[in-house]
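Visitor: Would you mind keeping the following structure in view while I ask a few things?
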Amino acid sequence: MSLKRMLVSDIDGTLLDDGNASNGLDTLRWLLQKHRDDVALVYATGRSFVDTMSLIQADLLPIPDAIAPSIGTEIWFPSWQQPDAVFQNRIDAHWHRHVVEETARQIPGLVLQDEKMQTPFKVSFEVHGPRKVIDLSTLLKAKGLEVRIIYSCGKYVDVLPAKAGKRAAVSYLSQLMDIPERHILTSGDSGNDLDMLTNPNTANVLVANAEAEMAAVSRNRHVYFADNPHAAGVVEGAKAFGFWPGAI
């Protein structure tokens with residue numbers, strides 16, 4: 001089977017509404033089934049791999065061809081036994097997780113999230129307001145660390161290796177699956193989707209219920225700002241871009 005296109009979607013706030021199937025998800029599922037021989041489905045999510053699989057096993061989400069969980073710091077393929085080692089090795093370069101944690105302790109009000117949210121390639125915090133994020137960035141740069149800092153939903157801060165993230169995961173999958181980025185559609189709603197949605201080489205959909213922090217993204221000519229929220233917005237955006245095989 002030679003897949004021709006790829007749909008990459010965030011989960012929470014995009015396909016799901018407060019943990020439940022959103023309006024339009026059944027339509028999207030039908031479209032994916034109709035084009036199953038031509039379109040790869042990928043979830044790029046802030047959720048862990050285990051959490052993502054629980055949604056799939058509960059049939060809340062259709063079975064994907066790959067999963068990029070923990071904000072694009074891992075990539076998993078069927079049979080879902082372990083993350084892709086090549087991608088892990090790629091993002092591991094110059095990554096010093098213990099230094100990130102030590103540095104963060106110098107900033108009052110920057111609180112580590114629960115242990116289940118931490119991974120070898122992601123340090124996750126909660127914070128009130130962006131000032132602490134700026135302080136963290138300044139201190140990490142002073143130490144010469146190459147990292148990616150993601151601020152989302154007005155309270156979450158994730159520090160990743162510089163070569164990680166949802167956009168990096170999409171680029172890796174594009175090369176591995178031999179699907180040109182111009183044939184890839186991404187969709188999301190919040191700050192941890194920002195780098196993915198601003199890729200000028202892909203078609204990108206910002207759903208109508210997007211976080212306020214994403215307002216500037218809607219002015220990007222590579223981004224379609226849907227009138228509909230959640231999965232219905234993804235369906236709308238895919239149609240606007242002529243994404244489905246045979247549409248263009």
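Letters A, B, ... mark the chains of the structure tokens in the order given; residue numbers begin at 1 per chain; ligand numbers begin at 1, in order shown.
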Out of range 1-211 of chain A, which residues get strand (DSSP E or B) from DSSP, as a PyMOL selection string?

Guide: chain A and resi 5-9+12+16-17+20-21+39-44+66-68+76+111-112+119+122-126+147-152+156-161+184-188+203-206

Visitor: What lies within 9 Å of Arg97 in chain A using only C-alpha atoms, ignoring chain neighbours under 3 positions off, as a PyMOL selection string?

Guide: chain A and resi 100-102+120-123+159-161

Visitor: What is the distance between CA of Asp38 in chain A and CA of Leu55 in chain A, in Å to one decimal?

Guide: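 Calculated distance between CA of Asp38 in chain A and CA of Leu55 in chain A is 23.8 Å.
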
Visitor: Wanna dump the range 70-184 of chain A-range 209-222 of chain A contacts at 8 Å for me, each residue with its shortest atom pair and the distance in Å to one decimal, counting only C-alpha atoms, ordered by chain and number, as JSON lines?

Guide:
```
{"residue": "A:Ser152", "atom": "CA", "partner": "A:Glu213", "partner_atom": "CA", "distance": 7.7}
{"residue": "A:Cys153", "atom": "CA", "partner": "A:Glu211", "partner_atom": "CA", "distance": 6.5}
{"residue": "A:Gly154", "atom": "CA", "partner": "A:Glu213", "partner_atom": "CA", "distance": 7.9}
```

Visitor: Could the residues in this selection be saved with N, CA and C atoms as a PDB file, in the first residue's frame?

Guide:
```pdb
ATOM      1  N   SER A 152       1.281  26.913  26.755  1.00  0.00           N
ATOM      2  CA  SER A 152      -0.049  26.678  26.199  1.00  0.00           C
ATOM      3  C   SER A 152      -1.141  26.805  27.258  1.00  0.00           C
ATOM      4  N   CYS A 153      -2.317  27.178  26.770  1.00  0.00           N
ATOM      5  CA  CYS A 153      -3.531  27.265  27.604  1.00  0.00           C
ATOM      6  C   CYS A 153      -3.357  28.214  28.795  1.00  0.00           C
ATOM      7  N   GLY A 154      -2.382  29.086  28.734  1.00  0.00           N
ATOM      8  CA  GLY A 154      -2.183  30.079  29.783  1.00  0.00           C
ATOM      9  C   GLY A 154      -1.648  29.539  31.089  1.00  0.00           C
TER      10      GLY A 154
END
```

Visitor: Distance table requested - range 66-113 of chain A against range 4-22 of chain A, cut-off 12 Å, only C-alpha atoms: one row per qualifying residue with the closest atom pair and its distance in Å to one decimal, ordered by chain and rising residue number, as JSON lines.

Guide:
```
{"residue": "A:Ala66", "atom": "CA", "partner": "A:Val8", "partner_atom": "CA", "distance": 9.4}
{"residue": "A:Ile67", "atom": "CA", "partner": "A:Val8", "partner_atom": "CA", "distance": 9.2}
{"residue": "A:Ala68", "atom": "CA", "partner": "A:Val8", "partner_atom": "CA", "distance": 9.3}
{"residue": "A:Pro69", "atom": "CA", "partner": "A:Asp10", "partner_atom": "CA", "distance": 9.5}
{"residue": "A:Ser70", "atom": "CA", "partner": "A:Asp10", "partner_atom": "CA", "distance": 11.0}
{"residue": "A:Ile71", "atom": "CA", "partner": "A:Asp10", "partner_atom": "CA", "distance": 9.4}
{"residue": "A:Gly72", "atom": "CA", "partner": "A:Asp10", "partner_atom": "CA", "distance": 10.6}
```

Visitor: Please provide as a list in words all residues within 8 Å of Lys132 in chain A, with the sequence filter that same-chain residues fewer than 6 positions apart are discarded (counting only C-alpha atoms).

Guide: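 So, after excluding close chain neighbours, the residues are Ile107, Gly109 and Leu110 of chain A.
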
Visitor: Just want the 8 Å neighbourhood of Ala162 in chain A, counted on only C-alpha atoms, with same-chain residues fewer than 5 positions away dropped. Output as a list in words.

Guide: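 Non-adjacent residues within range: Ile91, Trp95, Glu146, Val147 and Arg148 of chain A.
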
Visitor: Could you save those same residues with C-alpha atoms as a PDB file, in the first residue's frame?

Guide:
```
ATOM      1  CA  ILE A  91      16.212  14.429  19.513  1.00  0.00           C
ATOM      2  CA  TRP A  95      19.465  17.287  25.656  1.00  0.00           C
ATOM      3  CA  GLU A 146      19.348  24.096  23.195  1.00  0.00           C
ATOM      4  CA  VAL A 147      15.692  23.517  24.060  1.00  0.00           C
ATOM      5  CA  ARG A 148      12.185  24.192  22.814  1.00  0.00           C
TER       6      ARG A 148
END
```

Visitor: For Gln81 in chain A, which of A:Ala203, A:Ile184, A:Val50, A:Leu145 is the closest residue, counting only C-alpha atoms?

Guide: A:Val50

Visitor: Find the distance between CA of Arg29 in chain A and CA of Gly237 in chain A and write it in Å to one decimal.

Guide: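 Interatomic distance, CA of Arg29 in chain A to CA of Gly237 in chain A: 14.9 Å.
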
Visitor: Distance CA of Gln82 in chain A-CA of Thr186 in chain A, one decimal place?

Guide: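 Pair CA of Gln82 in chain A / CA of Thr186 in chain A returns 24.2 Å.
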
Visitor: Give the helix (DSSP H, G or I) residues of range 47-233 of chain A, as assigned by DSSP on the backbone, as a ChimeraX atom specification.

Guide: /A:49-57,69-72,85-92,97-104,115-117,131-142,166-176,181-183,191-197,212-219,230-233

Visitor: Would you list the contacts of Leu3 in chain A as JSON, numbers by chain, taking every protein, DNA or RNA residue within 7 Å and counting only C-alpha atoms, but skipping same-chain residues closer than 4 positions in sequence?

Guide: {"A": [37, 38, 39, 40]}
